[in-house]
>>> print(open('entry.cif').read())   # mmCIF, C-alpha atoms and all ligand atoms
data_work
#
loop_
_atom_site.group_PDB
_atom_site.id
_atom_site.type_symbol
_atom_site.label_atom_id
_atom_site.label_comp_id
_atom_site.auth_asym_id
_atom_site.auth_seq_id
_atom_site.Cartn_x
_atom_site.Cartn_y
_atom_site.Cartn_z
ATOM 1 C CA MET A 1 7.747 -6.927 81.079
ATOM 2 C CA ALA A 2 7.713 -6.865 77.339
ATOM 3 C CA SER A 3 10.860 -8.109 75.711
ATOM 4 C CA ILE A 4 9.843 -7.285 72.166
ATOM 5 C CA GLY A 5 8.447 -3.985 71.044
ATOM 6 C CA SER A 6 5.091 -3.850 69.346
ATOM 7 C CA SER A 7 5.891 -0.896 67.120
ATOM 8 C CA SER A 8 7.898 -2.796 64.507
ATOM 9 C CA SER A 9 4.975 -4.507 62.831
ATOM 10 C CA THR A 10 4.786 -2.497 59.657
ATOM 11 C CA ALA A 11 5.201 -5.625 57.493
ATOM 12 C CA ALA A 12 2.463 -7.563 59.274
ATOM 13 C CA PRO A 13 -0.289 -8.735 56.925
ATOM 14 C CA ARG A 14 -3.862 -7.887 57.677
ATOM 15 C CA VAL A 15 -5.548 -10.321 60.016
ATOM 16 C CA PRO A 16 -9.238 -10.818 59.322
ATOM 17 C CA LEU A 17 -11.455 -9.747 62.176
ATOM 18 C CA MET A 18 -12.889 -12.601 64.167
ATOM 19 C CA LYS A 19 -16.531 -12.673 65.163
ATOM 20 C CA SER A 20 -15.886 -12.522 68.873
ATOM 21 C CA PRO A 21 -14.473 -9.252 70.188
ATOM 22 C CA ILE A 22 -12.557 -11.361 72.717
ATOM 23 C CA ARG A 23 -9.813 -12.834 70.565
ATOM 24 C CA TYR A 24 -7.445 -15.427 71.888
ATOM 25 C CA ARG A 25 -4.888 -15.210 69.176
ATOM 26 C CA THR A 26 -3.675 -12.943 66.461
ATOM 27 C CA GLY A 27 -3.146 -15.907 64.221
ATOM 28 C CA PRO A 28 -0.551 -17.726 66.332
ATOM 29 C CA LEU A 29 2.318 -17.163 63.896
ATOM 30 C CA ASP A 30 1.044 -14.017 62.281
ATOM 31 C CA TYR A 31 3.300 -11.411 63.872
ATOM 32 C CA TYR A 32 6.605 -9.713 63.140
ATOM 33 C CA PRO A 33 9.450 -9.669 63.844
ATOM 34 C CA ASP A 34 9.782 -13.396 64.385
ATOM 35 C CA LYS A 35 10.541 -14.793 67.803
ATOM 36 C CA THR A 36 11.874 -18.309 68.022
ATOM 37 C CA CYS A 37 11.301 -20.730 70.861
ATOM 38 C CA TYR A 38 13.832 -23.085 72.479
ATOM 39 C CA CYS A 39 13.307 -25.924 70.049
ATOM 40 C CA LYS A 40 16.388 -26.938 68.062
ATOM 41 C CA SER A 41 14.607 -26.234 64.803
ATOM 42 C CA ASN A 42 14.350 -22.541 65.773
ATOM 43 C CA ALA A 43 10.634 -22.659 65.175
ATOM 44 C CA LYS A 44 8.683 -19.436 65.349
ATOM 45 C CA ALA A 45 6.859 -19.081 68.639
ATOM 46 C CA ALA A 46 3.059 -18.819 68.611
ATOM 47 C CA MET A 47 1.359 -15.700 69.887
ATOM 48 C CA TRP A 48 -1.756 -15.771 72.041
ATOM 49 C CA ILE A 49 -3.839 -13.273 73.955
ATOM 50 C CA SER A 50 -4.369 -13.628 77.681
ATOM 51 C CA TRP A 51 -7.786 -12.793 79.129
ATOM 52 C CA SER A 52 -7.045 -13.614 82.740
ATOM 53 C CA ASP A 53 -8.114 -11.203 85.476
ATOM 54 C CA ASP A 54 -4.492 -10.280 86.127
ATOM 55 C CA ASN A 55 -3.530 -9.863 82.472
ATOM 56 C CA PRO A 56 -6.566 -9.036 80.345
ATOM 57 C CA CYS A 57 -5.903 -8.470 76.662
ATOM 58 C CA ARG A 58 -2.183 -9.012 77.019
ATOM 59 C CA ARG A 59 -0.302 -10.896 74.325
ATOM 60 C CA TYR A 60 2.216 -13.618 75.084
ATOM 61 C CA MET A 61 4.177 -16.220 73.157
ATOM 62 C CA THR A 62 4.679 -19.919 73.656
ATOM 63 C CA CYS A 63 6.148 -22.793 71.706
ATOM 64 C CA ALA A 64 3.890 -23.584 68.755
ATOM 65 C CA ARG A 65 4.163 -27.267 69.672
ATOM 66 C CA ALA A 66 3.670 -26.773 73.393
ATOM 67 C CA ARG A 67 0.724 -29.200 73.490
ATOM 68 C CA THR A 68 2.487 -31.924 71.563
ATOM 69 C CA GLY A 69 5.860 -32.117 73.271
ATOM 70 C CA GLY A 70 7.462 -28.814 72.342
ATOM 71 C CA CYS A 71 9.615 -26.708 74.616
ATOM 72 C CA LYS A 72 8.656 -24.627 77.671
ATOM 73 C CA PHE A 73 9.167 -21.261 76.000
ATOM 74 C CA TYR A 74 6.879 -18.568 77.438
ATOM 75 C CA GLU A 75 7.288 -14.844 77.047
ATOM 76 C CA TRP A 76 5.039 -11.795 77.377
ATOM 77 C CA TYR A 77 4.780 -9.664 74.273
ATOM 78 C CA ASP A 78 2.972 -6.656 75.790
ATOM 79 C CA ASP A 79 3.760 -4.722 78.923
ATOM 80 C CA PRO A 80 1.562 -5.452 81.939
ATOM 81 C CA ILE A 81 -1.414 -3.193 82.550
ATOM 82 C CA THR A 82 -0.754 -1.278 85.708
ATOM 83 C CA VAL A 83 -3.696 1.131 85.742
ATOM 84 C CA PRO A 84 -6.632 -0.527 87.567
ATOM 85 C CA PHE A 85 -9.228 1.468 85.635
ATOM 86 C CA VAL A 86 -7.838 0.314 82.295
ATOM 87 C CA LYS A 87 -7.665 -3.282 83.499
ATOM 88 C CA GLN A 88 -11.271 -3.207 84.759
ATOM 89 C CA SER A 89 -12.375 -1.551 81.506
ATOM 90 C CA LEU A 90 -11.096 -4.643 79.718
ATOM 91 C CA ILE A 91 -12.452 -7.170 82.205
ATOM 92 C CA ASP A 92 -16.030 -5.826 82.191
ATOM 93 C CA PRO A 93 -16.657 -6.212 78.444
ATOM 94 C CA ARG A 94 -14.842 -9.569 78.575
ATOM 95 C CA ASP A 95 -17.332 -10.797 81.169
ATOM 96 C CA LYS A 96 -20.218 -9.479 79.119
ATOM 97 C CA VAL A 97 -19.000 -11.228 75.984
ATOM 98 C CA TRP A 98 -18.498 -14.480 77.876
ATOM 99 C CA ARG A 99 -22.025 -14.221 79.308
ATOM 100 C CA ILE A 100 -23.506 -13.584 75.849
ATOM 101 C CA GLN A 101 -21.532 -16.485 74.391
ATOM 102 C CA GLU A 102 -22.812 -18.751 77.147
ATOM 103 C CA GLU A 103 -26.402 -17.637 76.497
ATOM 104 C CA ASN A 104 -25.896 -18.223 72.781
ATOM 105 C CA GLU A 105 -24.637 -21.732 73.426
ATOM 106 C CA ILE A 106 -27.695 -22.468 75.562
ATOM 107 C CA LEU A 107 -29.949 -21.085 72.833
ATOM 108 C CA HIS A 108 -28.189 -23.150 70.169
ATOM 109 C CA ARG A 109 -28.545 -26.286 72.251
ATOM 110 C CA THR A 110 -32.236 -25.517 72.808
ATOM 111 C CA VAL A 111 -32.807 -24.942 69.104
ATOM 112 C CA ALA A 112 -30.899 -28.107 68.213
ATOM 113 C CA THR A 113 -32.966 -30.106 70.714
ATOM 114 C CA ARG A 114 -36.218 -28.729 69.313
ATOM 115 C CA GLN A 115 -35.117 -29.360 65.749
ATOM 116 C CA ALA A 116 -34.240 -32.935 66.633
ATOM 117 C CA ARG A 117 -37.657 -33.324 68.263
ATOM 118 C CA GLU A 118 -39.378 -31.865 65.193
ATOM 119 C CA VAL A 119 -37.490 -34.285 62.958
ATOM 120 C CA HIS A 120 -38.530 -37.155 65.206
ATOM 121 C CA LEU A 121 -42.171 -36.027 65.115
ATOM 122 C CA LEU A 122 -42.064 -35.676 61.333
ATOM 123 C CA GLU A 123 -40.631 -39.178 60.988
ATOM 124 C CA GLU A 124 -43.341 -40.499 63.294
ATOM 125 C CA LEU A 125 -45.995 -38.674 61.278
ATOM 126 C CA CYS A 126 -44.665 -40.134 58.022
ATOM 127 C CA ARG A 127 -44.630 -43.600 59.534
ATOM 128 C CA VAL A 128 -48.268 -43.293 60.691
ATOM 129 C CA LYS A 129 -49.274 -41.857 57.335
ATOM 130 C CA MET A 130 -47.644 -44.725 55.451
ATOM 131 C CA ALA A 131 -49.268 -47.239 57.798
ATOM 132 C CA ASN A 132 -52.683 -45.640 57.164
ATOM 133 C CA GLN A 133 -52.084 -45.693 53.425
ATOM 134 C CA SER A 134 -51.122 -49.340 53.603
ATOM 135 C CA GLU A 135 -54.228 -50.148 55.644
ATOM 136 C CA GLY A 136 -56.384 -48.153 53.231
ATOM 137 C CA GLN A 137 -54.884 -50.023 50.284
ATOM 138 C CA GLN A 138 -55.571 -53.322 51.989
ATOM 139 C CA ARG A 139 -59.193 -52.333 52.628
ATOM 140 C CA LEU A 140 -59.551 -51.241 49.021
ATOM 141 C CA GLU A 141 -58.271 -54.607 47.822
ATOM 142 C CA GLU A 142 -60.691 -56.363 50.194
ATOM 143 C CA ALA A 143 -63.543 -54.236 48.845
ATOM 144 C CA GLU A 144 -62.560 -55.147 45.278
ATOM 145 C CA MET A 145 -62.532 -58.842 46.169
ATOM 146 C CA PHE A 146 -65.951 -58.519 47.830
ATOM 147 C CA LYS A 147 -67.291 -56.706 44.778
ATOM 148 C CA GLY A 148 -65.989 -59.506 42.530
ATOM 149 C CA THR A 149 -67.651 -62.108 44.732
ATOM 150 C CA ILE A 150 -70.960 -60.212 44.619
ATOM 151 C CA ASN A 151 -70.722 -59.956 40.818
ATOM 152 C CA ASN A 152 -70.117 -63.700 40.534
ATOM 153 C CA LEU A 153 -73.047 -64.461 42.808
ATOM 154 C CA THR A 154 -75.241 -62.101 40.809
ATOM 155 C CA LYS A 155 -74.297 -63.829 37.578
ATOM 156 C CA GLN A 156 -74.962 -67.224 39.109
ATOM 157 C CA MET A 157 -78.389 -66.092 40.324
ATOM 158 C CA GLU A 158 -79.213 -64.646 36.916
ATOM 159 C CA GLU A 159 -78.181 -67.945 35.341
ATOM 160 C CA MET A 160 -80.289 -69.867 37.797
ATOM 161 C CA ASN A 161 -83.280 -67.578 37.157
ATOM 162 C CA LYS A 162 -82.822 -68.073 33.446
ATOM 163 C CA ASN A 163 -82.697 -71.824 33.877
ATOM 164 C CA CYS A 164 -85.756 -71.764 36.122
ATOM 165 C CA SER A 165 -87.607 -69.647 33.631
ATOM 166 C CA SER A 166 -86.895 -71.983 30.723
ATOM 167 C CA SER A 167 -87.813 -74.945 32.899
ATOM 168 C CA ARG A 168 -91.190 -73.385 33.699
ATOM 169 C CA SER A 169 -91.738 -72.704 30.012
ATOM 170 C CA ARG A 170 -91.022 -76.298 29.105
ATOM 171 C CA THR A 171 -93.376 -77.498 31.853
ATOM 172 C CA PHE A 172 -96.073 -75.189 30.569
ATOM 173 C CA VAL A 173 -95.659 -76.387 26.966
ATOM 174 C CA VAL A 174 -95.653 -80.043 28.004
ATOM 175 C CA GLY A 175 -98.750 -79.458 30.148
ATOM 176 C CA LEU A 176 -100.452 -77.641 27.339
ATOM 177 C CA MET A 177 -99.651 -80.477 24.918
ATOM 178 C CA CYS A 178 -101.036 -82.998 27.419
ATOM 179 C CA VAL A 179 -104.231 -80.995 27.723
ATOM 180 C CA LEU A 180 -104.486 -80.760 23.942
ATOM 181 C CA ALA A 181 -103.814 -84.496 23.639
ATOM 182 C CA CYS A 182 -106.559 -85.255 26.151
ATOM 183 C CA VAL A 183 -109.030 -82.960 24.372
ATOM 184 C CA LEU A 184 -108.192 -84.573 21.015
ATOM 185 C CA TYR A 185 -108.542 -87.997 22.599
ATOM 186 C CA PHE A 186 -111.974 -87.198 23.977
ATOM 187 C CA ILE A 187 -113.067 -85.666 20.680
ATOM 188 C CA ALA A 188 -111.843 -88.651 18.773
ATOM 189 C CA ALA A 189 -113.548 -90.947 21.220
HETATM 190 ZN ZN ZN B 201 9.495 -24.869 71.036
#
>>> encode(input="entry.cif", output="structure tokens", more="lines below")
Ligand SMILES: [Zn+2]
Amino acid sequence: MASIGSSSSTAAPRVPLMKSPIRYRTGPLDYYPDKTCYCKSNAKAAMWISWSDDNPCRRYMTCARARTGGCKFYEWYDDPITVPFVKQSLIDPRDKVWRIQEENEILHRTVATRQAREVHLLEELCRVKMANQSEGQQRLEEAEMFKGTINNLTKQMEEMNKNCSSSRSRTFVVGLMCVLACVLYFIAA
């Protein structure tokens, strides 16, 4: 049984529409005229919307601090729905909305799981890529060192060839001078 009429809400501010068609509150304190609970401070009671099978889409009020030690105030705001067809017409779309919300939650969890997996794979890919780059850099440095060694060896061989060449030339000149000396000696003799 409703103890407060719902027709005296001309001063009520506009409440923004929520995304879900199954709303659980009007904005707990966003209704007029005010109704106070049993607390000594005469606090305004909070308004909610019941979606139980017995009372679908029926507003009620409780203490705004009911969950944190408030009073036991509880009062229906709307009259009960007595026509079974009307009640079922509210319960059916409620069930459909709940089912869609449940499917959406499953989809969101699936997407979140896949996104997390993609992030993990991307991190793994970056790690492998960086490892390959590091290995490639190391091989490049090794190749540079090998090239330097080859260049040094080449220079040493060229130096050795040059030395050998000049040594052969000196041998040839000395030999030639010996031959000339012998020929001169025999001529003189
Ligand atoms: Zn209270």
>>> resolve_selection(input="entry.cif", expression="the PyMOL selection byres (((not hetatm)) within 12 of (chain B and resi 201))", output="PDB file with C-alpha atoms, in the coordinates of the input")
ATOM      1  CA  LYS A  35      10.541 -14.793  67.803  1.00  0.00           C
ATOM      2  CA  THR A  36      11.874 -18.309  68.022  1.00  0.00           C
ATOM      3  CA  CYS A  37      11.301 -20.730  70.861  1.00  0.00           C
ATOM      4  CA  TYR A  38      13.832 -23.085  72.479  1.00  0.00           C
ATOM      5  CA  CYS A  39      13.307 -25.924  70.049  1.00  0.00           C
ATOM      6  CA  LYS A  40      16.388 -26.938  68.062  1.00  0.00           C
ATOM      7  CA  SER A  41      14.607 -26.234  64.803  1.00  0.00           C
ATOM      8  CA  ASN A  42      14.350 -22.541  65.773  1.00  0.00           C
ATOM      9  CA  ALA A  43      10.634 -22.659  65.175  1.00  0.00           C
ATOM     10  CA  LYS A  44       8.683 -19.436  65.349  1.00  0.00           C
ATOM     11  CA  ALA A  45       6.859 -19.081  68.639  1.00  0.00           C
ATOM     12  CA  ALA A  46       3.059 -18.819  68.611  1.00  0.00           C
ATOM     13  CA  MET A  61       4.177 -16.220  73.157  1.00  0.00           C
ATOM     14  CA  THR A  62       4.679 -19.919  73.656  1.00  0.00           C
ATOM     15  CA  CYS A  63       6.148 -22.793  71.706  1.00  0.00           C
ATOM     16  CA  ALA A  64       3.890 -23.584  68.755  1.00  0.00           C
ATOM     17  CA  ARG A  65       4.163 -27.267  69.672  1.00  0.00           C
ATOM     18  CA  ALA A  66       3.670 -26.773  73.393  1.00  0.00           C
ATOM     19  CA  ARG A  67       0.724 -29.200  73.490  1.00  0.00           C
ATOM     20  CA  THR A  68       2.487 -31.924  71.563  1.00  0.00           C
ATOM     21  CA  GLY A  69       5.860 -32.117  73.271  1.00  0.00           C
ATOM     22  CA  GLY A  70       7.462 -28.814  72.342  1.00  0.00           C
ATOM     23  CA  CYS A  71       9.615 -26.708  74.616  1.00  0.00           C
ATOM     24  CA  LYS A  72       8.656 -24.627  77.671  1.00  0.00           C
ATOM     25  CA  PHE A  73       9.167 -21.261  76.000  1.00  0.00           C
ATOM     26  CA  TYR A  74       6.879 -18.568  77.438  1.00  0.00           C
ATOM     27  CA  GLU A  75       7.288 -14.844  77.047  1.00  0.00           C
TER      28      GLU A  75
END
>>> atom_distance(input="entry.cif", atom1="atom CA of A:Ala112", atom2="atom CA of A:Glu124")
18.2 Å
>>> residues_around(input="entry.cif", residues="A:Met47", least_positions_apart="2", cutoff="8 Å", atoms="only C-alpha atoms", output="list in words")
Arg25, Thr26, Gly27, Pro28, Leu29, Asp30, Tyr31, Ala45, Ile49, Arg59, Tyr60, Met61 and Thr62 of chain A
>>> atom_distance(input="entry.cif", atom1="atom CA of A:Lys96", atom2="atom CA of A:Asp78")
23.6 Å
>>> atom_distance(input="entry.cif", atom1="atom CA of A:Phe85", atom2="atom CA of A:Trp98")
20.0 Å
>>> axis_aligned_box(input="entry.cif", around="stretch 49-56 of chain A", padding_each_side="6 Å", output="lines of an AutoDock Vina configuration file")
center_x = -5.8
center_y = -11.3
center_z = 80.0
size_x = 16.6
size_y = 16.6
size_z = 24.2
>>> resolve_selection(input="entry.cif", expression="the PyMOL selection byres (((chain A and resi 91) around 9) and not hetatm)", output="JSON, numbers by chain")
{"A": [51, 52, 53, 56, 57, 86, 87, 88, 89, 90, 92, 93, 94, 95, 96]}
>>> resolve_selection(input="entry.cif", expression="the PyMOL selection byres (((chain A and resi 22) around 8) and not hetatm)", output="list in words")
Ser20, Pro21, Arg23, Tyr24, Arg94 and Val97 of chain A
>>> write_last_selection(input="entry.cif", atoms="C-alpha atoms", output="compact mmCIF listing (two decimals), in the coordinates of the input")
# COMPACT_ATOMS: atom_id res chain seq x y z
CA SER A 20 -15.89 -12.52 68.87
CA PRO A 21 -14.47 -9.25 70.19
CA ARG A 23 -9.81 -12.83 70.56
CA TYR A 24 -7.44 -15.43 71.89
CA ARG A 94 -14.84 -9.57 78.58
CA VAL A 97 -19.00 -11.23 75.98
